[in-house]
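Enquirer: Just so it is clear, I am handing over target_23.txt, which has compact mmCIF, C-alpha atoms and all ligand atoms.
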# COMPACT_ATOMS: atom_id res chain seq x y z
CA MET A 1 157.18 -45.94 143.37
CA ASP A 2 160.75 -47.18 143.46
CA GLU A 3 163.54 -44.91 144.45
CA ILE A 4 163.63 -41.18 144.95
CA GLU A 5 166.86 -39.23 145.15
CA TRP A 6 166.82 -35.68 146.47
CA TRP A 7 169.44 -33.19 145.30
CA GLU A 8 169.45 -30.12 147.53
CA PHE A 9 170.78 -26.63 146.76
CA ASP A 10 170.99 -23.39 148.73
CA THR A 11 170.04 -21.24 145.73
CA ALA A 12 168.07 -21.52 142.49
CA ALA A 13 171.22 -20.52 140.60
CA GLU A 14 173.20 -23.46 141.99
CA MET A 15 170.30 -25.81 141.21
CA ALA A 16 170.02 -24.42 137.67
CA GLU A 17 173.66 -25.17 136.91
CA GLN A 18 173.35 -28.75 138.14
CA VAL A 19 170.02 -29.46 136.42
CA ALA A 20 171.26 -27.97 133.14
CA GLY A 21 174.37 -30.15 133.36
CA ASP A 22 172.32 -33.27 134.07
CA ILE A 23 169.87 -32.55 131.25
CA GLY A 24 172.86 -32.00 128.93
CA PHE A 25 174.23 -35.38 129.97
CA VAL A 26 170.89 -37.10 129.22
CA VAL A 27 170.78 -35.39 125.81
CA GLU A 28 174.33 -36.35 124.86
CA SER A 29 173.84 -39.94 126.08
CA ALA A 30 170.60 -40.27 124.10
CA ILE A 31 172.16 -38.94 120.91
CA GLU A 32 175.06 -41.36 121.36
CA ALA A 33 172.68 -44.26 122.03
CA HIS A 34 170.04 -43.72 119.35
CA GLY A 35 170.99 -40.71 117.26
CA ASN A 36 168.59 -38.18 118.75
CA ALA A 37 167.14 -36.92 122.03
CA ARG A 38 163.48 -36.37 122.92
CA LEU A 39 162.64 -34.39 126.05
CA ALA A 40 159.53 -32.96 127.67
CA LEU A 41 160.26 -29.80 129.64
CA PRO A 42 158.04 -27.77 131.99
CA GLY A 43 156.71 -24.26 131.82
CA GLY A 44 156.41 -21.88 134.74
CA ASN A 45 159.14 -19.72 136.25
CA THR A 46 161.39 -22.23 138.02
CA PRO A 47 162.92 -23.55 134.81
CA ASP A 48 164.04 -20.17 133.39
CA PRO A 49 167.52 -20.13 134.99
CA ILE A 50 167.85 -23.80 134.03
CA TYR A 51 167.04 -23.08 130.38
CA LYS A 52 169.40 -20.10 130.34
CA ALA A 53 172.22 -22.36 131.61
CA LEU A 54 171.24 -25.21 129.27
CA ALA A 55 171.22 -22.89 126.25
CA LYS A 56 174.83 -21.97 127.08
CA SER A 57 175.93 -25.63 127.28
CA LYS A 58 178.69 -26.55 124.89
CA GLY A 59 178.66 -29.70 122.80
CA ILE A 60 174.92 -30.29 122.52
CA ALA A 61 173.88 -31.20 118.94
CA TRP A 62 170.64 -29.21 119.12
CA PRO A 63 169.47 -30.17 115.59
CA LYS A 64 169.17 -33.72 116.97
CA VAL A 65 167.03 -32.62 119.91
CA THR A 66 163.22 -32.62 119.99
CA LEU A 67 161.59 -30.66 122.78
CA ILE A 68 157.97 -31.04 123.90
CA PRO A 69 156.33 -28.81 126.51
CA SER A 70 155.22 -31.04 129.42
CA ASP A 71 152.01 -29.08 129.05
CA ASP A 72 150.77 -25.93 127.44
CA ARG A 73 148.09 -23.35 127.80
CA LEU A 74 145.39 -22.77 125.15
CA VAL A 75 146.94 -19.52 123.94
CA PRO A 76 148.66 -18.52 120.69
CA ALA A 77 152.36 -19.42 120.43
CA GLY A 78 153.31 -15.74 120.72
CA ASP A 79 151.42 -15.27 124.01
CA PRO A 80 153.66 -14.82 127.09
CA LEU A 81 151.74 -17.74 128.68
CA SER A 82 152.80 -20.12 125.91
CA ASN A 83 155.24 -22.82 127.05
CA GLN A 84 155.94 -23.75 123.44
CA GLY A 85 156.86 -20.12 122.87
CA LYS A 86 159.14 -20.19 125.93
CA LEU A 87 161.00 -23.29 124.74
CA ALA A 88 161.27 -21.96 121.18
CA GLY A 89 162.66 -18.70 122.55
CA TYR A 90 165.50 -20.52 124.30
CA PHE A 91 166.26 -23.36 121.89
CA ALA A 92 164.75 -22.95 118.39
CA ALA A 93 167.53 -20.67 117.15
CA LYS A 94 170.00 -23.37 118.22
CA GLY A 95 168.32 -25.82 115.87
CA ALA A 96 166.19 -27.80 118.32
CA THR A 97 162.71 -28.88 117.16
CA VAL A 98 159.90 -27.75 119.45
CA VAL A 99 156.73 -29.83 119.05
CA PRO A 100 153.60 -27.79 119.85
CA LEU A 101 150.96 -29.28 122.12
CA VAL A 102 148.56 -26.50 121.17
CA GLU A 103 147.86 -25.41 117.60
CA GLU A 104 145.95 -22.18 116.97
CA SER A 105 143.29 -24.13 115.05
CA ALA A 106 142.17 -25.77 118.30
CA LEU A 107 142.23 -22.77 120.65
CA GLY A 108 138.45 -22.82 121.02
CA ASP A 109 138.09 -26.45 122.07
CA TYR A 110 140.46 -27.83 124.71
CA ARG A 111 139.35 -31.43 124.29
CA LYS A 112 139.93 -31.21 120.52
CA ALA A 113 143.32 -29.62 121.23
CA GLY A 114 144.15 -32.58 123.48
CA ARG A 115 143.15 -35.13 120.86
CA GLU A 116 145.19 -33.36 118.17
CA ALA A 117 148.22 -33.11 120.49
CA ASP A 118 147.92 -36.83 121.19
CA ALA A 119 147.95 -37.54 117.46
CA ARG A 120 151.00 -35.32 116.94
CA LEU A 121 152.88 -37.01 119.78
CA ALA A 122 152.05 -40.45 118.35
CA GLU A 123 154.17 -39.51 115.32
CA LEU A 124 157.28 -39.18 117.52
CA GLN A 125 159.56 -41.96 118.63
CA TRP A 126 158.71 -43.11 122.20
CA PRO A 127 159.66 -43.40 124.99
CA LEU A 128 161.00 -39.97 125.68
CA ASP A 129 164.55 -39.82 127.00
CA LEU A 130 163.61 -37.35 129.71
CA VAL A 131 160.54 -35.79 131.28
CA CYS A 132 161.36 -32.85 133.52
CA LEU A 133 158.47 -31.73 135.73
CA GLY A 134 157.75 -28.67 137.81
CA MET A 135 155.11 -28.61 140.52
CA GLY A 136 152.74 -26.00 141.83
CA ALA A 137 152.27 -25.39 145.57
CA ASP A 138 148.84 -26.98 145.10
CA GLY A 139 150.49 -30.20 143.98
CA HIS A 140 149.69 -29.94 140.28
CA THR A 141 152.34 -31.04 137.83
CA ALA A 142 152.52 -30.44 134.11
CA SER A 143 148.90 -29.33 133.66
CA ILE A 144 147.40 -32.18 135.59
CA PHE A 145 144.92 -30.35 137.82
CA PRO A 146 141.79 -31.28 139.77
CA GLY A 147 138.70 -30.98 137.62
CA PRO A 148 136.58 -32.87 135.08
CA ASP A 149 139.62 -34.15 133.16
CA PHE A 150 141.74 -35.24 136.14
CA GLU A 151 141.00 -38.97 136.01
CA GLY A 152 141.49 -38.97 132.23
CA ALA A 153 144.93 -37.45 132.77
CA VAL A 154 146.08 -39.78 135.58
CA ALA A 155 144.19 -43.02 134.92
CA GLY A 156 143.28 -43.01 131.23
CA PRO A 157 144.38 -45.51 128.58
CA LYS A 158 148.14 -46.15 128.71
CA SER A 159 148.29 -45.35 124.98
CA ARG A 160 147.02 -41.80 125.57
CA ARG A 161 149.95 -39.39 125.66
CA ALA A 162 148.22 -35.99 125.77
CA ILE A 163 144.84 -34.75 126.90
CA GLY A 164 142.97 -31.46 127.15
CA VAL A 165 142.37 -30.15 130.66
CA ARG A 166 140.00 -27.57 132.12
CA PRO A 167 141.31 -27.02 135.67
CA ASP A 168 138.62 -26.62 138.30
CA PRO A 169 139.32 -24.45 140.16
CA MET A 170 141.25 -22.45 137.62
CA PRO A 171 144.80 -21.62 138.77
CA GLU A 172 145.42 -17.92 139.37
CA ALA A 173 148.64 -18.05 137.36
CA ALA A 174 147.53 -18.76 133.78
CA ALA A 175 143.78 -19.17 134.33
CA VAL A 176 143.24 -20.89 130.98
CA GLU A 177 142.45 -24.32 129.61
CA ARG A 178 145.40 -26.49 128.76
CA VAL A 179 146.83 -29.57 127.10
CA THR A 180 149.06 -31.82 129.22
CA LEU A 181 151.14 -34.95 128.94
CA THR A 182 149.27 -37.74 130.69
CA ALA A 183 150.62 -39.58 133.72
CA ALA A 184 151.12 -42.60 131.45
CA ALA A 185 153.27 -40.63 129.02
CA ILE A 186 155.32 -39.19 131.88
CA ALA A 187 155.76 -42.61 133.52
CA SER A 188 156.96 -44.13 130.23
CA ALA A 189 160.03 -41.86 130.06
CA ARG A 190 163.52 -43.25 130.45
CA THR A 191 164.41 -40.53 132.97
CA VAL A 192 162.19 -38.33 135.16
CA MET A 193 163.36 -35.24 137.01
CA ILE A 194 161.36 -32.90 139.23
CA VAL A 195 162.57 -29.34 139.86
CA ILE A 196 161.07 -27.29 142.71
CA SER A 197 162.07 -24.47 145.02
CA GLY A 198 161.08 -23.42 148.51
CA ALA A 199 159.96 -25.05 151.75
CA GLU A 200 156.26 -25.08 150.89
CA LYS A 201 156.67 -27.08 147.68
CA ARG A 202 159.04 -29.48 149.43
CA GLN A 203 156.44 -30.16 152.12
CA VAL A 204 153.73 -30.72 149.50
CA LEU A 205 155.89 -33.12 147.49
CA GLU A 206 156.97 -35.08 150.56
CA GLN A 207 153.31 -35.40 151.58
CA ALA A 208 152.34 -36.60 148.09
CA LEU A 209 155.13 -39.19 148.08
CA LYS A 210 153.94 -40.49 151.45
CA GLU A 211 150.31 -40.72 150.28
CA GLY A 212 151.22 -42.52 147.05
CA PRO A 213 148.32 -43.81 144.91
CA LEU A 214 145.72 -42.55 147.41
CA SER A 215 147.05 -39.01 147.19
CA LYS A 216 144.52 -36.38 146.19
CA LEU A 217 147.42 -34.34 144.81
CA PRO A 218 148.08 -34.69 141.08
CA ILE A 219 151.82 -35.15 141.66
CA GLY A 220 151.07 -37.97 144.09
CA ARG A 221 148.97 -39.85 141.55
CA VAL A 222 151.53 -39.26 138.78
CA LEU A 223 154.50 -40.52 140.82
CA ALA A 224 152.61 -43.49 142.27
CA ASP A 225 152.55 -45.11 138.82
CA MET A 226 156.25 -44.84 138.24
CA ASP A 227 158.67 -47.71 138.42
CA ILE A 228 161.84 -45.86 137.51
CA PRO A 229 164.15 -43.89 139.82
CA ILE A 230 163.24 -40.20 140.13
CA ASP A 231 165.64 -37.34 140.78
CA ILE A 232 164.16 -34.45 142.72
CA TYR A 233 166.09 -31.20 142.57
CA TRP A 234 165.18 -28.78 145.35
CA SER A 235 166.55 -25.33 146.12
CA ALA A 236 165.86 -23.60 149.43
CA SER A 237 165.27 -20.27 147.72
C1 LIG B 1 153.13 -24.76 133.65
C2 LIG B 1 154.05 -25.86 134.16
C3 LIG B 1 153.59 -26.17 135.55
C4 LIG B 1 154.65 -25.56 136.43
C5 LIG B 1 154.13 -25.34 137.81
C6 LIG B 1 155.17 -24.63 138.68
O1 LIG B 1 152.71 -24.78 132.50
O2 LIG B 1 152.90 -23.85 134.46
O3 LIG B 1 154.29 -26.87 133.34
O4 LIG B 1 153.39 -27.50 135.85
O5 LIG B 1 155.77 -26.43 136.46
O6 LIG B 1 152.97 -24.54 137.70
O7 LIG B 1 155.40 -23.37 138.13
P1 LIG B 1 156.52 -22.40 138.78
O8 LIG B 1 157.83 -23.04 138.43
O9 LIG B 1 156.30 -21.08 138.09
O10 LIG B 1 156.25 -22.37 140.26
Would you kindly transcribe this structure into structure tokens?
Expert:
Amino acid sequence: MDEIEWWEFDTAAEMAEQVAGDIGFVVESAIEAHGNARLALPGGNTPDPIYKALAKSKGIAWPKVTLIPSDDRLVPAGDPLSNQGKLAGYFAAKGATVVPLVEESALGDYRKAGREADARLAELQWPLDLVCLGMGADGHTASIFPGPDFEGAVAGPKSRRAIGVRPDPMPEAAAVERVTLTAAAIASARTVMIVISGAEKRQVLEQALKEGPLSKLPIGRVLADMDIPIDIYWSAS
């Protein structure tokens, strides 16, 4: 774990403006450097004001942008729990491509859904230009949760980019099986950002950073593998 930079904000609105601006900068730089931009973005509630601000950004060539959910739930794309559906709602009409992690054909088998997502991601150009992560108060990130698939998600083959996950215990918010980017896929990105709000999440993330590779928290294990600088955006409310 190299260097961590914290960016602190009094409100979620202030953080959203800054994060949207920084994501826009990564996108424009990537398009300038190699003709397109490939980003993995989180689900959950924290990102909504960020996506609203990002969707208003001027000068982004959205048809050159590919978006991947950092994880998704095993639900149909039209389900309110679908992260693919969330990203498509904000950015598809602008011309961005949203790559699904979950196809309806695999809704009944999360491990099959993970294998198929991995195959779909292998068809993209890697590394990604940006992985933006959220974090739950329990220390999960993307959909890397404790359970039977945890080690496969944090310590599997470096070539594995996506994997199916059955959280155990199931999270109250979105108590469904999922597909997630693996720690290896996250760590391979050119840029990694984490966006969190509130004192509780800050305390959990600081604890995970201190524990490093011995952390029992998913975020701790994910970050321990990284050798690029990480920007953490934190808002007090
Ligand atoms: C998801 C996200 C997940 C999210 C955290 C935090 O699918 O839910 O990818 O990792 O970032 O659960 O969610 P909130 O921002 O809603 O607290």
Enquirer: Check which residues fall inside 10 Å of ligand LIG 1 (chain B) when counting all atoms listed in the file, and print them as JSON, numbers by chain.
Expert: {"A": [40, 41, 42, 43, 44, 45, 46, 47, 48, 69, 70, 71, 72, 73, 81, 82, 83, 84, 132, 133, 134, 135, 136, 137, 138, 139, 140, 141, 142, 143, 144, 145, 171, 173, 174, 178, 179, 180, 181, 194, 195, 196, 197, 198, 201, 219]}
Enquirer: Which residues are near A:Arg161? Cut-off 10 Å, all atoms listed in the file, ignore same chain within fewer than 4 positions. Put them as an MDAnalysis selection string.
Expert: chainID A and resid 114:115 117:122 153 156:157 180:186 188
Enquirer: Extract, using only C-alpha atoms, all DNA, RNA and protein residues at most 10 Å from stretch 25-37 of chain A, discarding same-chain residues fewer than 3 positions from it, and format them as a list in words.
Expert: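 Contacts, with the query itself left out: Val19, Ala20, Gly21, Asp22, Gly59, Ile60, Ala61, Trp62, Pro63, Lys64, Val65, Thr66, Leu67, Ala96, Gln125, Leu128, Asp129, Leu130, Arg190 and Thr191 of chain A.
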Enquirer: Between A:Ile50, A:Val176, A:Ile163, A:Leu39, which one has atoms that come closest to A:Ala13, using only C-alpha atoms?
Expert: A:Ile50
Enquirer: Can you tell me how far atom CA of A:Glu172 sits from atom CA of A:Ala113, in Å to one decimal?
Expert: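 Distance between the two atoms: 21.7 Å.
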Enquirer: Let me make sure I understand: among A:Arg111, A:Lys94, A:Arg38, A:Lys86, which one has the smallest atom-to-atom distance to A:Ala55 if we use only C-alpha atoms?
Expert: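 The answer is A:Lys94, which sits nearest to A:Ala55.
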Enquirer: For a test of reading the model, state the distance in Å between atom CA of A:Arg221 and atom CA of A:Ala77, rounded to one decimal.
Expert: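 Computed distance, atom CA of A:Arg221 to atom CA of A:Ala77, equals 29.6 Å.
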Enquirer: Which one of A:Trp126, A:Tyr90, A:Trp7, A:Tyr51 sits closest to A:Ile230 if you count all atoms listed in the file?
Expert: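 The shortest atom-to-atom distance to A:Ile230 comes from A:Trp7.
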Enquirer: Please determine the residues with any atom at most 6 Å from (138.6, -30.4, 128.0) (coordinates as given in the file, with only C-alpha atoms counting) and report them as a list in words.
Expert: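 Nearby residues: Tyr110, Arg111, Gly164, Val165 and Arg166 of chain A.
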Enquirer: Give the answer as one residue: which of A:Leu124, A:Pro49, A:Ile23, A:Lys56 has the shortest atom-to-atom distance to A:Thr11, using only C-alpha atoms?
Expert: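 Answer, going by the shortest atom-to-atom distance: A:Pro49.
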Enquirer: Name the closest residue to A:Lys58 among the candidates A:Ala88, A:Gly24, A:Leu107, A:Thr97; distances are taken between atoms, counting all atoms listed in the file.
Expert: A:Gly24
Enquirer: Suppose you want the space between atom CA of A:Arg160 and atom CA of A:Val192; what is it in Å?
Expert: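 Result for atom CA of A:Arg160 versus atom CA of A:Val192: 18.3 Å, one decimal.
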Enquirer: Skipping near chain neighbours, those fewer than 6 positions away, what residues fall within 10 Å of A:Pro169 using only C-alpha atoms, listed as a PyMOL selection string?
Expert: chain A and resi 145-147+175
Enquirer: Identify which of the residues A:Ala224, A:Ile232, A:Leu74, A:Leu87 lies closest to A:Asp109, counting only C-alpha atoms when measuring atom-to-atom distances.
Expert: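 Selected residue with least distance to A:Asp109: A:Leu74.
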Enquirer: May I have the residues within 7 Å of stretch 206-209 of chain A as a list of chain:residue names, using only C-alpha atoms and disregarding those fewer than 6 positions away in the same chain?
Expert: A:Ser215, A:Leu217, A:Ile219, A:Gly220
